[in-house]
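K.L.:
Pasting protein.txt below, which is compact mmCIF, C-alpha atoms.
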```
# COMPACT_ATOMS: atom_id res chain seq x y z
CA MET T 20 2.10 199.90 81.33
CA PHE T 21 3.85 202.51 83.48
CA PHE T 22 0.79 204.81 83.45
CA GLU T 23 -1.65 202.04 84.31
CA LEU T 24 0.38 201.02 87.36
CA LEU T 25 0.56 204.64 88.56
CA ARG T 26 -3.23 205.03 88.25
CA LYS T 27 -3.78 201.81 90.23
CA ASP T 28 -1.42 203.10 92.95
CA GLN T 29 -3.38 206.35 93.08
CA ASP T 30 -6.74 204.54 93.27
CA ASN T 31 -5.52 202.18 95.98
CA CYS T 32 -4.04 204.89 98.24
CA PRO T 33 -6.12 205.22 101.45
CA GLY T 34 -7.48 208.63 102.50
CA PRO T 35 -8.41 211.70 100.46
CA GLY T 36 -5.18 213.62 101.20
CA ILE T 37 -2.89 211.04 99.64
CA LYS T 38 -4.10 211.15 95.99
CA VAL T 39 -1.85 212.92 93.45
CA SER T 40 -3.32 215.71 91.28
CA ARG T 41 -3.03 215.51 87.45
CA GLY T 42 -0.75 218.60 87.34
CA LEU T 43 1.66 217.18 89.90
CA PHE T 44 1.63 213.85 88.05
CA LEU T 45 2.67 215.50 84.75
CA PHE T 46 5.41 217.52 86.50
CA LEU T 47 6.89 214.38 88.06
CA LEU T 48 6.75 212.58 84.71
CA VAL T 49 8.67 215.34 82.89
CA LEU T 50 11.24 215.49 85.70
CA PHE T 51 11.74 211.71 85.44
CA PHE T 52 12.52 211.86 81.68
CA LEU T 53 14.88 214.87 82.07
CA LEU T 54 16.91 213.06 84.73
CA GLY T 55 17.07 209.95 82.50
CA PHE T 56 18.48 211.88 79.52
CA THR T 57 21.04 213.63 81.76
CA PHE T 58 22.40 210.38 83.19
CA ALA T 59 22.54 208.78 79.72
CA ALA T 60 24.60 211.66 78.34
CA LEU T 61 27.03 211.49 81.26
CA PHE T 62 27.44 207.73 80.80
CA ARG T 63 28.14 208.07 77.08
CA GLY T 64 30.84 210.66 77.74
CA PHE T 65 32.49 208.44 80.31
CA ALA T 66 32.37 205.44 77.99
CA ARG T 67 33.97 207.44 75.15
CA HIS T 68 36.77 208.45 77.48
CA LEU T 69 37.48 204.83 78.38
CA SER T 70 37.33 203.56 74.80
CA VAL T 71 40.17 205.70 73.40
CA PRO T 72 43.19 203.36 73.17
CA GLY T 73 46.28 204.67 74.89
CA ARG T 74 44.45 207.35 76.89
CA SER T 75 44.96 207.32 80.64
CA LEU T 76 42.16 208.18 83.09
CA VAL T 77 44.66 210.46 84.84
CA ALA T 78 45.51 213.50 82.71
CA GLY T 79 49.12 213.41 81.52
CA ALA T 80 49.82 209.92 82.86
CA MET T 81 51.56 207.29 80.73
CA PRO T 82 49.12 204.74 79.31
CA PRO T 83 49.23 201.41 81.16
CA ALA T 84 50.24 199.55 77.99
CA VAL T 85 53.36 201.67 77.55
CA VAL T 86 54.27 201.24 81.21
CA ALA T 87 54.12 197.46 80.75
CA SER T 88 56.28 197.69 77.65
CA SER T 89 58.91 199.82 79.38
CA THR T 90 59.43 197.11 82.01
CA ALA T 91 59.64 194.27 79.48
CA GLN T 92 62.84 192.90 77.99
CA PRO T 93 64.62 195.35 75.67
CA ALA T 94 63.40 195.14 72.10
CA ALA T 95 65.70 193.62 69.54
CA SER T 96 67.58 195.99 67.30
CA GLY T 97 65.30 197.59 64.73
CA SER T 98 62.00 197.03 66.61
CA THR T 99 59.42 199.79 66.92
CA PRO T 100 59.88 202.05 70.01
CA LEU T 101 56.44 201.63 71.59
CA ALA T 102 56.79 204.44 74.08
CA ASN T 103 56.96 206.97 71.23
CA ALA T 104 54.15 205.42 69.18
CA THR T 105 50.74 206.98 68.80
CA SER T 106 47.50 205.02 68.66
CA THR T 107 45.81 207.01 65.93
CA GLN T 108 46.72 204.80 62.95
CA PRO T 109 44.22 202.44 61.27
CA LEU T 110 43.21 199.18 62.90
CA HIS T 111 44.34 195.78 61.69
CA LYS T 112 41.92 193.14 62.93
CA LYS T 113 41.10 195.41 65.87
CA LEU T 114 44.76 196.04 66.76
CA TYR T 115 46.29 199.51 66.50
CA GLU T 116 49.28 199.66 64.18
CA PRO T 117 52.15 200.43 66.60
CA TRP T 118 51.50 197.17 68.41
CA LEU T 119 51.12 195.20 65.23
CA SER T 120 54.43 196.50 63.85
CA ALA T 121 56.22 195.63 67.07
CA LEU T 122 54.78 192.11 67.13
CA LYS T 123 55.69 191.51 63.49
CA GLN T 124 59.23 192.81 64.01
CA ALA T 125 59.81 190.61 67.06
CA SER T 126 58.37 187.64 65.17
CA LYS T 127 60.63 188.31 62.18
CA LEU T 128 63.65 188.31 64.48
CA GLY T 129 62.50 185.14 66.24
CA ASN T 130 62.49 186.96 69.58
CA HIS T 131 59.73 184.95 71.25
CA GLU T 132 60.18 186.44 74.73
CA GLU T 133 59.81 189.92 73.25
CA ILE T 134 56.64 188.81 71.45
CA ILE T 135 55.16 187.69 74.78
CA ALA T 136 56.04 191.00 76.45
CA VAL T 137 54.66 193.13 73.62
CA ALA T 138 51.53 190.98 73.33
CA ALA T 139 50.78 191.57 77.02
CA SER T 140 51.03 195.33 76.53
CA ALA T 141 48.98 195.24 73.33
CA SER T 142 46.23 193.22 75.03
CA GLN T 143 46.03 195.88 77.75
CA ALA T 144 45.85 198.66 75.16
CA VAL T 145 43.31 196.93 72.90
CA PRO T 146 41.62 194.26 75.04
CA GLY T 147 39.15 193.37 72.30
CA SER T 148 41.79 192.28 69.77
CA SER T 149 42.62 188.63 69.16
CA VAL T 150 45.88 189.48 67.35
CA PRO T 151 48.21 189.79 70.39
CA VAL T 152 46.66 186.62 71.82
CA ILE T 153 47.54 184.74 68.62
CA PHE T 154 51.12 186.07 68.61
CA ARG T 155 51.55 185.13 72.27
CA ILE T 156 50.25 181.57 71.76
CA GLN T 157 52.52 181.03 68.76
CA ALA T 158 55.51 182.30 70.76
CA LEU T 159 54.68 179.96 73.64
CA ILE T 160 54.47 177.04 71.20
CA GLN T 161 57.90 177.92 69.76
CA LEU T 162 59.36 178.09 73.27
CA GLY T 163 57.87 174.71 74.17
CA ARG T 164 55.76 176.22 76.97
CA HIS T 165 52.81 174.04 76.03
CA ASN T 166 50.88 174.22 79.31
CA GLU T 167 50.74 178.01 79.11
CA ALA T 168 49.82 177.86 75.44
CA LEU T 169 46.96 175.44 76.12
CA ARG T 170 45.62 177.63 78.92
CA ASP T 171 45.69 180.68 76.64
CA ILE T 172 43.99 178.72 73.85
CA GLN T 173 41.18 177.63 76.15
CA ASN T 174 40.63 181.20 77.33
CA ALA T 175 40.79 182.56 73.77
CA LEU T 176 38.23 180.03 72.50
CA LYS T 177 35.82 181.28 75.16
CA LYS T 178 36.52 184.98 74.59
CA PHE T 179 36.75 184.97 70.77
CA GLN T 180 34.12 182.41 69.89
CA ALA T 181 33.95 181.36 66.23
CA ASP T 182 37.09 183.37 65.36
CA PRO T 183 38.75 181.39 62.51
CA ASP T 184 42.24 182.68 63.29
CA ILE T 185 41.97 181.60 66.93
CA LEU T 186 40.79 178.17 65.77
CA ILE T 187 43.70 177.92 63.31
CA THR T 188 46.13 178.93 66.06
CA ALA T 189 44.67 176.28 68.35
CA ALA T 190 45.13 173.74 65.54
CA SER T 191 48.79 174.72 65.18
CA PHE T 192 49.24 173.99 68.90
CA TYR T 193 47.69 170.55 68.51
CA GLN T 194 49.88 169.88 65.46
CA ALA T 195 52.97 170.83 67.48
CA THR T 196 51.90 168.51 70.31
CA ARG T 197 51.13 165.65 67.89
CA ASN T 198 47.36 165.61 68.38
CA PRO T 199 46.02 165.55 64.81
CA LEU T 200 42.48 164.65 65.90
CA ALA T 201 42.14 167.82 67.97
CA ALA T 202 43.81 169.86 65.21
CA GLU T 203 41.33 168.49 62.67
CA LYS T 204 38.41 169.49 64.92
CA MET T 205 39.65 173.08 65.19
CA LEU T 206 40.28 173.43 61.46
CA VAL T 207 36.93 171.97 60.43
CA GLN T 208 35.25 174.49 62.75
CA ALA T 209 37.28 177.30 61.16
CA ILE T 210 36.21 176.20 57.67
CA ASN T 211 32.58 176.01 58.77
CA VAL T 212 32.83 179.60 60.02
CA ASP T 213 34.63 180.89 56.92
CA ARG T 214 34.74 178.53 53.95
CA ARG T 215 37.09 180.88 52.07
CA ASN T 216 39.75 180.95 54.78
CA GLU T 217 42.73 179.54 52.90
CA GLY T 218 44.79 179.14 56.07
CA ALA T 219 42.24 176.72 57.50
CA TRP T 220 42.31 174.56 54.36
CA ARG T 221 46.12 174.55 54.33
CA GLY T 222 46.18 173.61 57.99
CA LEU T 223 43.76 170.74 57.44
CA VAL T 224 45.84 169.35 54.56
CA GLY T 225 48.97 169.65 56.71
CA THR T 226 47.27 167.86 59.59
CA TYR T 227 46.37 164.89 57.39
CA PHE T 228 49.92 164.75 56.02
CA GLN T 229 51.26 164.77 59.57
CA ALA T 230 48.97 161.84 60.41
CA GLY T 231 50.01 159.93 57.27
CA LEU T 232 46.50 160.15 55.82
CA TRP T 233 47.62 160.76 52.25
CA ARG T 234 44.24 160.07 50.65
CA LEU T 235 42.41 162.48 52.94
CA ALA T 236 45.06 165.14 52.34
CA GLY T 237 44.61 164.81 48.59
CA ASP T 238 40.81 164.87 48.82
CA VAL T 239 40.86 168.03 50.94
CA ALA T 240 43.29 169.67 48.51
CA SER T 241 40.95 168.81 45.62
CA THR T 242 37.99 170.33 47.48
CA ALA T 243 40.00 173.45 48.26
CA LEU T 244 40.90 173.81 44.57
CA GLU T 245 37.20 174.11 43.80
CA ILE T 246 37.19 177.24 45.97
CA PHE T 247 40.70 178.49 45.10
CA PRO T 248 41.31 177.40 41.48
CA GLU T 249 44.97 177.02 40.50
CA ASN T 250 46.14 177.64 44.06
CA PRO T 251 49.80 176.51 43.97
CA VAL T 252 49.83 175.28 47.58
CA MET T 253 46.84 173.04 47.03
CA VAL T 254 48.09 171.78 43.67
CA LEU T 255 51.40 170.84 45.31
CA ALA T 256 49.60 169.17 48.23
CA ARG T 257 47.57 167.04 45.84
CA ALA T 258 50.75 166.12 43.92
CA ASP T 259 52.52 165.07 47.12
CA SER T 260 49.48 163.04 48.15
CA ALA T 261 49.44 161.18 44.83
CA ARG T 262 53.19 160.52 45.12
CA MET T 263 52.82 159.05 48.59
CA LEU T 264 50.02 156.83 47.30
CA GLY T 265 52.14 155.63 44.36
CA GLU T 266 49.83 157.25 41.81
CA TRP T 267 52.69 158.36 39.59
CA SER T 268 50.75 159.71 36.59
CA ALA T 269 48.48 161.88 38.76
CA ALA T 270 51.51 163.14 40.70
CA VAL T 271 53.38 164.00 37.48
CA ALA T 272 50.39 165.97 36.17
CA ASP T 273 50.06 168.03 39.36
CA TYR T 274 53.81 168.64 39.74
CA ARG T 275 53.87 169.97 36.19
CA SER T 276 50.85 172.16 36.92
CA TYR T 277 52.54 173.51 40.04
CA LEU T 278 55.75 174.37 38.19
CA GLY T 279 53.65 176.21 35.62
CA LEU T 280 51.99 178.31 38.34
CA VAL T 281 55.08 179.52 40.23
CA ALA T 282 57.72 181.96 39.07
CA SER T 283 60.66 180.25 40.80
CA PRO T 284 60.78 176.44 40.69
CA ASP T 285 61.58 174.52 43.86
CA ALA T 286 64.37 171.91 43.80
CA ASP T 287 62.30 169.41 45.81
CA VAL T 288 59.39 169.70 43.36
CA CYS T 289 61.69 169.27 40.35
CA PHE T 290 63.22 166.21 41.98
CA HIS T 291 59.85 164.69 42.86
CA LEU T 292 58.71 165.21 39.27
CA ALA T 293 61.82 163.38 38.01
CA LEU T 294 61.31 160.62 40.59
CA CYS T 295 57.65 160.07 39.64
CA LEU T 296 58.54 160.06 35.95
CA ARG T 297 61.17 157.40 36.62
CA LEU T 298 58.77 155.29 38.66
CA SER T 299 56.07 155.67 36.02
CA GLY T 300 58.39 153.95 33.54
CA LEU T 301 59.71 156.84 31.47
CA ASP T 302 62.70 155.92 29.36
CA LEU T 303 65.97 156.56 31.21
CA ALA T 304 67.34 158.70 28.40
CA GLU T 305 64.41 161.11 28.81
CA LEU T 306 64.85 161.49 32.57
CA ALA T 307 68.22 163.27 32.64
CA PRO T 308 66.86 166.80 31.92
CA TYR T 309 64.42 166.55 34.83
CA TYR T 310 67.14 165.68 37.34
CA GLN T 311 69.37 168.34 35.84
CA ARG T 312 66.62 170.92 36.34
CA ALA T 313 66.52 170.13 40.06
CA LEU T 314 70.30 170.50 40.26
CA ASP T 315 70.17 173.78 38.34
CA VAL T 316 67.92 175.13 41.08
CA GLN T 317 70.02 173.68 43.92
CA ALA T 318 73.41 172.22 43.03
CA SER T 319 73.76 170.46 46.40
CA HIS T 320 70.34 168.78 46.40
CA VAL T 321 71.28 165.37 47.83
CA PRO T 322 68.33 163.24 46.62
CA ALA T 323 68.72 164.61 43.07
CA LEU T 324 72.49 164.05 43.09
CA ASN T 325 71.98 160.53 44.43
CA ASP T 326 69.38 159.53 41.82
CA TYR T 327 71.08 161.33 38.95
CA ALA T 328 74.41 159.59 39.60
CA MET T 329 72.69 156.18 39.57
CA LEU T 330 70.74 157.13 36.46
CA LEU T 331 73.89 158.06 34.53
CA ALA T 332 75.64 154.88 35.65
CA SER T 333 72.64 152.79 34.56
CA MET T 334 72.65 154.53 31.17
CA GLY T 335 76.25 153.43 30.58
CA ARG T 336 77.69 156.86 31.33
CA PRO T 337 79.88 155.93 34.36
CA ASP T 338 82.40 158.73 33.92
CA GLU T 339 79.65 161.36 34.16
CA ALA T 340 78.21 159.53 37.16
CA VAL T 341 81.58 159.46 38.92
CA ALA T 342 81.98 163.18 38.30
CA ILE T 343 78.86 163.83 40.40
CA LEU T 344 80.09 161.87 43.43
CA PRO T 345 82.30 164.57 45.00
CA ARG T 346 79.29 166.91 45.25
CA LEU T 347 77.15 164.11 46.66
CA LEU T 348 79.66 163.03 49.29
CA GLN T 349 80.49 166.60 50.26
CA SER T 350 76.82 167.21 51.11
CA ALA T 351 76.09 163.77 52.63
CA SER T 352 79.34 162.18 53.74
CA GLU T 353 77.66 160.22 56.56
CA SER T 354 74.57 159.15 54.67
CA ALA T 355 74.29 155.40 54.18
CA SER T 356 72.30 155.90 50.97
CA ALA T 357 74.84 158.34 49.52
CA LEU T 358 77.77 156.06 50.40
CA ASN T 359 75.94 153.08 48.90
CA THR T 360 75.25 155.02 45.70
CA ALA T 361 78.91 156.06 45.45
CA GLY T 362 79.97 152.44 45.90
CA LEU T 363 77.58 151.22 43.19
CA VAL T 364 78.67 153.93 40.77
CA TYR T 365 82.33 152.99 41.28
CA LEU T 366 81.34 149.32 40.89
CA LYS T 367 79.65 150.03 37.53
CA ALA T 368 82.73 152.02 36.51
CA ARG T 369 84.85 148.92 37.41
CA ARG T 370 86.72 150.96 40.02
CA PHE T 371 86.60 148.23 42.66
CA GLU T 372 89.18 149.71 45.02
CA ASP T 373 87.12 152.91 45.27
CA ALA T 374 83.85 151.01 45.57
CA GLU T 375 84.89 148.74 48.45
CA PRO T 376 85.35 151.34 51.26
CA MET T 377 82.14 153.09 50.26
CA LEU T 378 80.05 149.92 50.37
CA ILE T 379 81.66 148.76 53.63
CA ARG T 380 80.86 152.10 55.32
CA ALA T 381 77.30 152.06 54.00
CA GLN T 382 76.71 148.52 55.30
CA ALA T 383 78.17 149.47 58.69
CA LEU T 384 75.65 152.32 58.96
CA ARG T 385 72.79 150.02 57.90
CA PRO T 386 73.87 146.60 59.19
CA ASP T 387 70.39 145.05 58.90
CA SER T 388 69.88 145.97 55.24
CA PRO T 389 69.79 142.93 52.92
CA GLN T 390 70.32 145.21 49.91
CA PHE T 391 73.55 146.69 51.29
CA SER T 392 74.87 143.23 52.14
CA ALA T 393 73.95 142.09 48.62
CA HIS T 394 75.91 144.99 47.12
CA LEU T 395 79.04 143.82 48.95
CA ALA T 396 78.41 140.31 47.62
CA SER T 397 78.21 141.79 44.11
CA LEU T 398 81.46 143.69 44.62
CA TYR T 399 83.41 140.59 45.72
CA LEU T 400 81.86 138.52 42.95
CA ASN T 401 83.17 141.04 40.42
CA LYS T 402 86.56 140.94 42.13
CA ASP T 403 86.53 137.14 41.84
CA ASP T 404 86.74 136.82 45.63
CA LEU T 405 84.13 134.05 45.70
CA GLU T 406 84.58 133.22 49.37
CA LYS T 407 83.69 136.74 50.52
CA ALA T 408 80.96 136.96 47.91
CA GLU T 409 79.31 133.81 49.35
CA VAL T 410 79.56 135.12 52.93
CA TRP T 411 77.82 138.40 52.06
CA LYS T 412 75.24 136.64 49.89
CA ASN T 413 74.28 134.32 52.75
CA GLN T 414 74.09 137.27 55.13
CA ALA T 415 71.84 139.17 52.72
CA LEU T 416 69.51 136.18 52.35
CA ALA T 417 69.34 135.71 56.13
CA GLN T 418 68.42 139.36 56.54
CA CYS T 419 65.40 138.85 54.27
CA ARG T 420 63.83 136.94 57.20
CA GLY T 421 62.00 134.47 54.99
CA ASP T 422 60.54 137.03 52.60
CA GLN T 423 60.66 134.96 49.41
CA ALA T 424 60.07 137.90 47.06
CA LEU T 425 62.91 139.86 48.66
CA MET T 426 65.20 136.83 48.62
CA GLU T 427 64.58 136.35 44.90
CA LYS T 428 65.34 140.01 44.30
CA VAL T 429 68.61 139.74 46.23
CA ARG T 430 69.70 136.65 44.27
CA ASN T 431 68.91 138.32 40.93
CA GLU T 432 70.80 141.47 41.87
CA ILE T 433 73.93 139.53 42.81
CA GLU T 434 73.84 137.21 39.81
CA THR T 435 73.32 140.00 37.27
CA SER T 436 75.94 142.31 38.74
CA ARG T 437 78.83 140.96 36.66
```
Can the structure from this file be put into structure tokens for me?
P.N.:
Amino acid sequence: MFFELLRKDQDNCPGPGIKVSRGLFLFLLVLFFLLGFTFAALFRGFARHLSVPGRSLVAGAMPPAVVASSTAQPAASGSTPLANATSTQPLHKKLYEPWLSALKQASKLGNHEEIIAVAASASQAVPGSSVPVIFRIQALIQLGRHNEALRDIQNALKKFQADPDILITAASFYQATRNPLAAEKMLVQAINVDRRNEGAWRGLVGTYFQAGLWRLAGDVASTALEIFPENPVMVLARADSARMLGEWSAAVADYRSYLGLVASPDADVCFHLALCLRLSGLDLAELAPYYQRALDVQASHVPALNDYAMLLASMGRPDEAVAILPRLLQSASESASALNTAGLVYLKARRFEDAEPMLIRAQALRPDSPQFSAHLASLYLNKDDLEKAEVWKNQALAQCRGDQALMEKVRNEIETSR
């Protein structure tokens, strides 16, 4: 194409003295290519000089990133001294190691202002890395600076398009600001980009839990388990989903699977297993070891102490139930449920004088509860104080607000309490 245009120019030039000879034409062509190669080589050398992280364009000058770090807030004790760091170590997601270490250390210490300062310096040193951007956004979220975080997210989504970690970070912002629909959108995009990104699946399950969409959370966990078989996080998520849906047998199966996959059992999981077994109708005598396992993991676990005390009292073991109460009340002295449990345990142990203050305090904390009013009616009925028993019974029935099923339950509880 180039040669044809040059010939046309030669043919169209007016006058005999203007035409270019073949020898001159070849000379000009060679000169053109030589100049092109020279400029290309110079440009490549200049580009290499600019691309070396930490190198200043002025010989011997401090790199701009280190200057920014030296004017930031002092690093917390134990953080990496950035001014003395070199930038010759391997990359981690396009971020040189000194910066990554400093960001991780500040994050570990919960020093969010330091994270923001270091992230700014790291972004100057390695402008192509998304890592300092992610650390900065997370720090802004923790500090409640949501407007700044949103601005950074919008910029990052434009600069790092289809980056799963940026999408997951954006989702965490929307979770923190109670916008599950936007969080879901980000996480679905992240999964579409990288189906094996476990963080995106975990985030999506967490988003559905936050929104109270138990069925969706369980379905997503099941799908994730097809990709990550026997993943403890997903097994536990599916168990929690089944529990929230009242699917006790499915929850029990998954809680047991989870406990078989982890080295150290969690007290909450042990308790939820015991709870689901109780609600599934397991014989009371068989439940005790499951509650005890939760308490072996965490002796002060309030829900386990609460349920276990009631279980022992219901099994006709009131002395053992009473023995648990000091631990329960020490950990939850202002909890209406704990106080109510203590009152009922003392009531079953026929220790009416101990039961009365507990039940009165519980009812004061939950004055609209028909169950708590009914428990006071039961107490006074057992004390043969029929006048007070009738007062509390009538109050309990009034608090049912016409719910016939609840009213029948209240009557049965009072009448069978003797």
K.L.:
Using atom CA of T:Tyr227 and atom CA of T:Pro248 as the two end points, give the distance in Å to one decimal.
P.N.:
20.9 Å
K.L.:
What does the distance between atom CA of T:Gln382 and atom CA of T:His394 come to in Å, to one decimal place?
P.N.:
8.9 Å
K.L.:
Could you tell me how far atom CA of T:Leu358 sits from atom CA of T:Gln414, in Å to one decimal place?
P.N.:
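Interatomic distance, atom CA of T:Gln414 to atom CA of T:Leu358: 19.7 Å.
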K.L.:
Taking only C-alpha atoms into account, name the residue in T:Ile246, T:Ala355, T:Ala144, T:Leu292 that is nearest to T:Arg262.
P.N.:
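Closest to T:Arg262 of all the choices is T:Leu292.
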K.L.:
What's around T:Ala236 at 8 Å? Count all atoms listed in the file, leave out sequence neighbours fewer than 5 positions away in its own chain, and write the answer as number ranges by chain.
P.N.:
T: 223-225, 227-228, 256-257, 260
K.L.:
Out of T:Pro308, T:Pro337, T:Gly147, T:Gly421, which residue has the shortest atom-to-atom distance to T:Arg369 when counting all atoms listed in the file?
P.N.:
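Under the stated criterion, the closest residue is T:Pro337.
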K.L.:
Counting only C-alpha atoms, write as a VMD selection string all protein and nucleic acid residues lying at most 9 Å from (41.3, 176.4, 68.5) in the file's frame.
P.N.:
chain T and resid 172 to 173 175 to 176 182 to 193 201 to 202 204 to 206 208 to 209
K.L.:
Might you pull out every residue within 9 Å of T:Val429, with only C-alpha atoms counted and same-chain residues fewer than 3 positions away left off, and present them as an MDAnalysis selection string?
P.N.:
chainID T and resid 389:390 393 412 415:416 419 424:426 432:434
K.L.:
Between T:Leu122, T:Val281, T:Val321, T:Val207, which residue has the minimum interatomic distance to T:Ala219, considering only C-alpha atoms?
P.N.:
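Counting only C-alpha atoms, the residue closest to T:Ala219 is T:Val207.
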K.L.:
Tell me, as a PyMOL selection string, which residues lie within 12 Å of T:Asp259, counting only C-alpha atoms; anything in the same chain fewer than 5 positions away does not count.
P.N.:
chain T and resi 224-225+227-228+231-238+240+252-254+264-274+277+287-288+290-292+294-295
K.L.:
Around (75.4, 165.9, 42.5), as given in the file, which residues come within 8 Å? Count all atoms listed in the file and list them as a VMD selection string.
P.N.:
chain T and resid 314 318 to 321 323 to 325 327 to 328 343 to 347
K.L.:
Using only C-alpha atoms, which of the listed residues (T:Gln229, T:Gly218, T:Arg155, T:Arg197) sits closest to T:Ala243?
P.N.:
T:Gly218
K.L.:
For a quick check of understanding, using only C-alpha atoms, which of T:Leu296, T:Ala181, T:Leu255, T:Ala417 has the smallest distance to T:Leu278?
P.N.:
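Ranking T:Leu296, T:Ala181, T:Leu255, T:Ala417 by distance to T:Leu278, first place goes to T:Leu255.
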K.L.:
Taking only C-alpha atoms into account, name the residue in T:Gly335, T:Lys402, T:Leu298, T:Cys289 that is nearest to T:Gln317.
P.N.:
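Checking each of T:Gly335, T:Lys402, T:Leu298, T:Cys289 against T:Gln317, counting only C-alpha atoms, the winner is T:Cys289.
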K.L.:
Using all atoms listed in the file, determine which residues lie at most 12 Å from T:Ala374, disregarding the query and same-chain residues fewer than 6 positions distant; provide the list as a CSV table (one decimal) with C-alpha atoms, in the frame of the given file.
P.N.:
```csv
chain,number,residue,atom,x,y,z
T,341,VAL,CA,81.6,159.5,38.9
T,344,LEU,CA,80.1,161.9,43.4
T,358,LEU,CA,77.8,156.1,50.4
T,359,ASN,CA,75.9,153.1,48.9
T,360,THR,CA,75.2,155.0,45.7
T,361,ALA,CA,78.9,156.1,45.4
T,362,GLY,CA,80.0,152.4,45.9
T,363,LEU,CA,77.6,151.2,43.2
T,364,VAL,CA,78.7,153.9,40.8
T,365,TYR,CA,82.3,153.0,41.3
T,366,LEU,CA,81.3,149.3,40.9
T,367,LYS,CA,79.6,150.0,37.5
T,368,ALA,CA,82.7,152.0,36.5
T,380,ARG,CA,80.9,152.1,55.3
T,381,ALA,CA,77.3,152.1,54.0
T,394,HIS,CA,75.9,145.0,47.1
T,395,LEU,CA,79.0,143.8,49.0
T,397,SER,CA,78.2,141.8,44.1
T,398,LEU,CA,81.5,143.7,44.6
T,399,TYR,CA,83.4,140.6,45.7
T,401,ASN,CA,83.2,141.0,40.4
T,402,LYS,CA,86.6,140.9,42.1
```
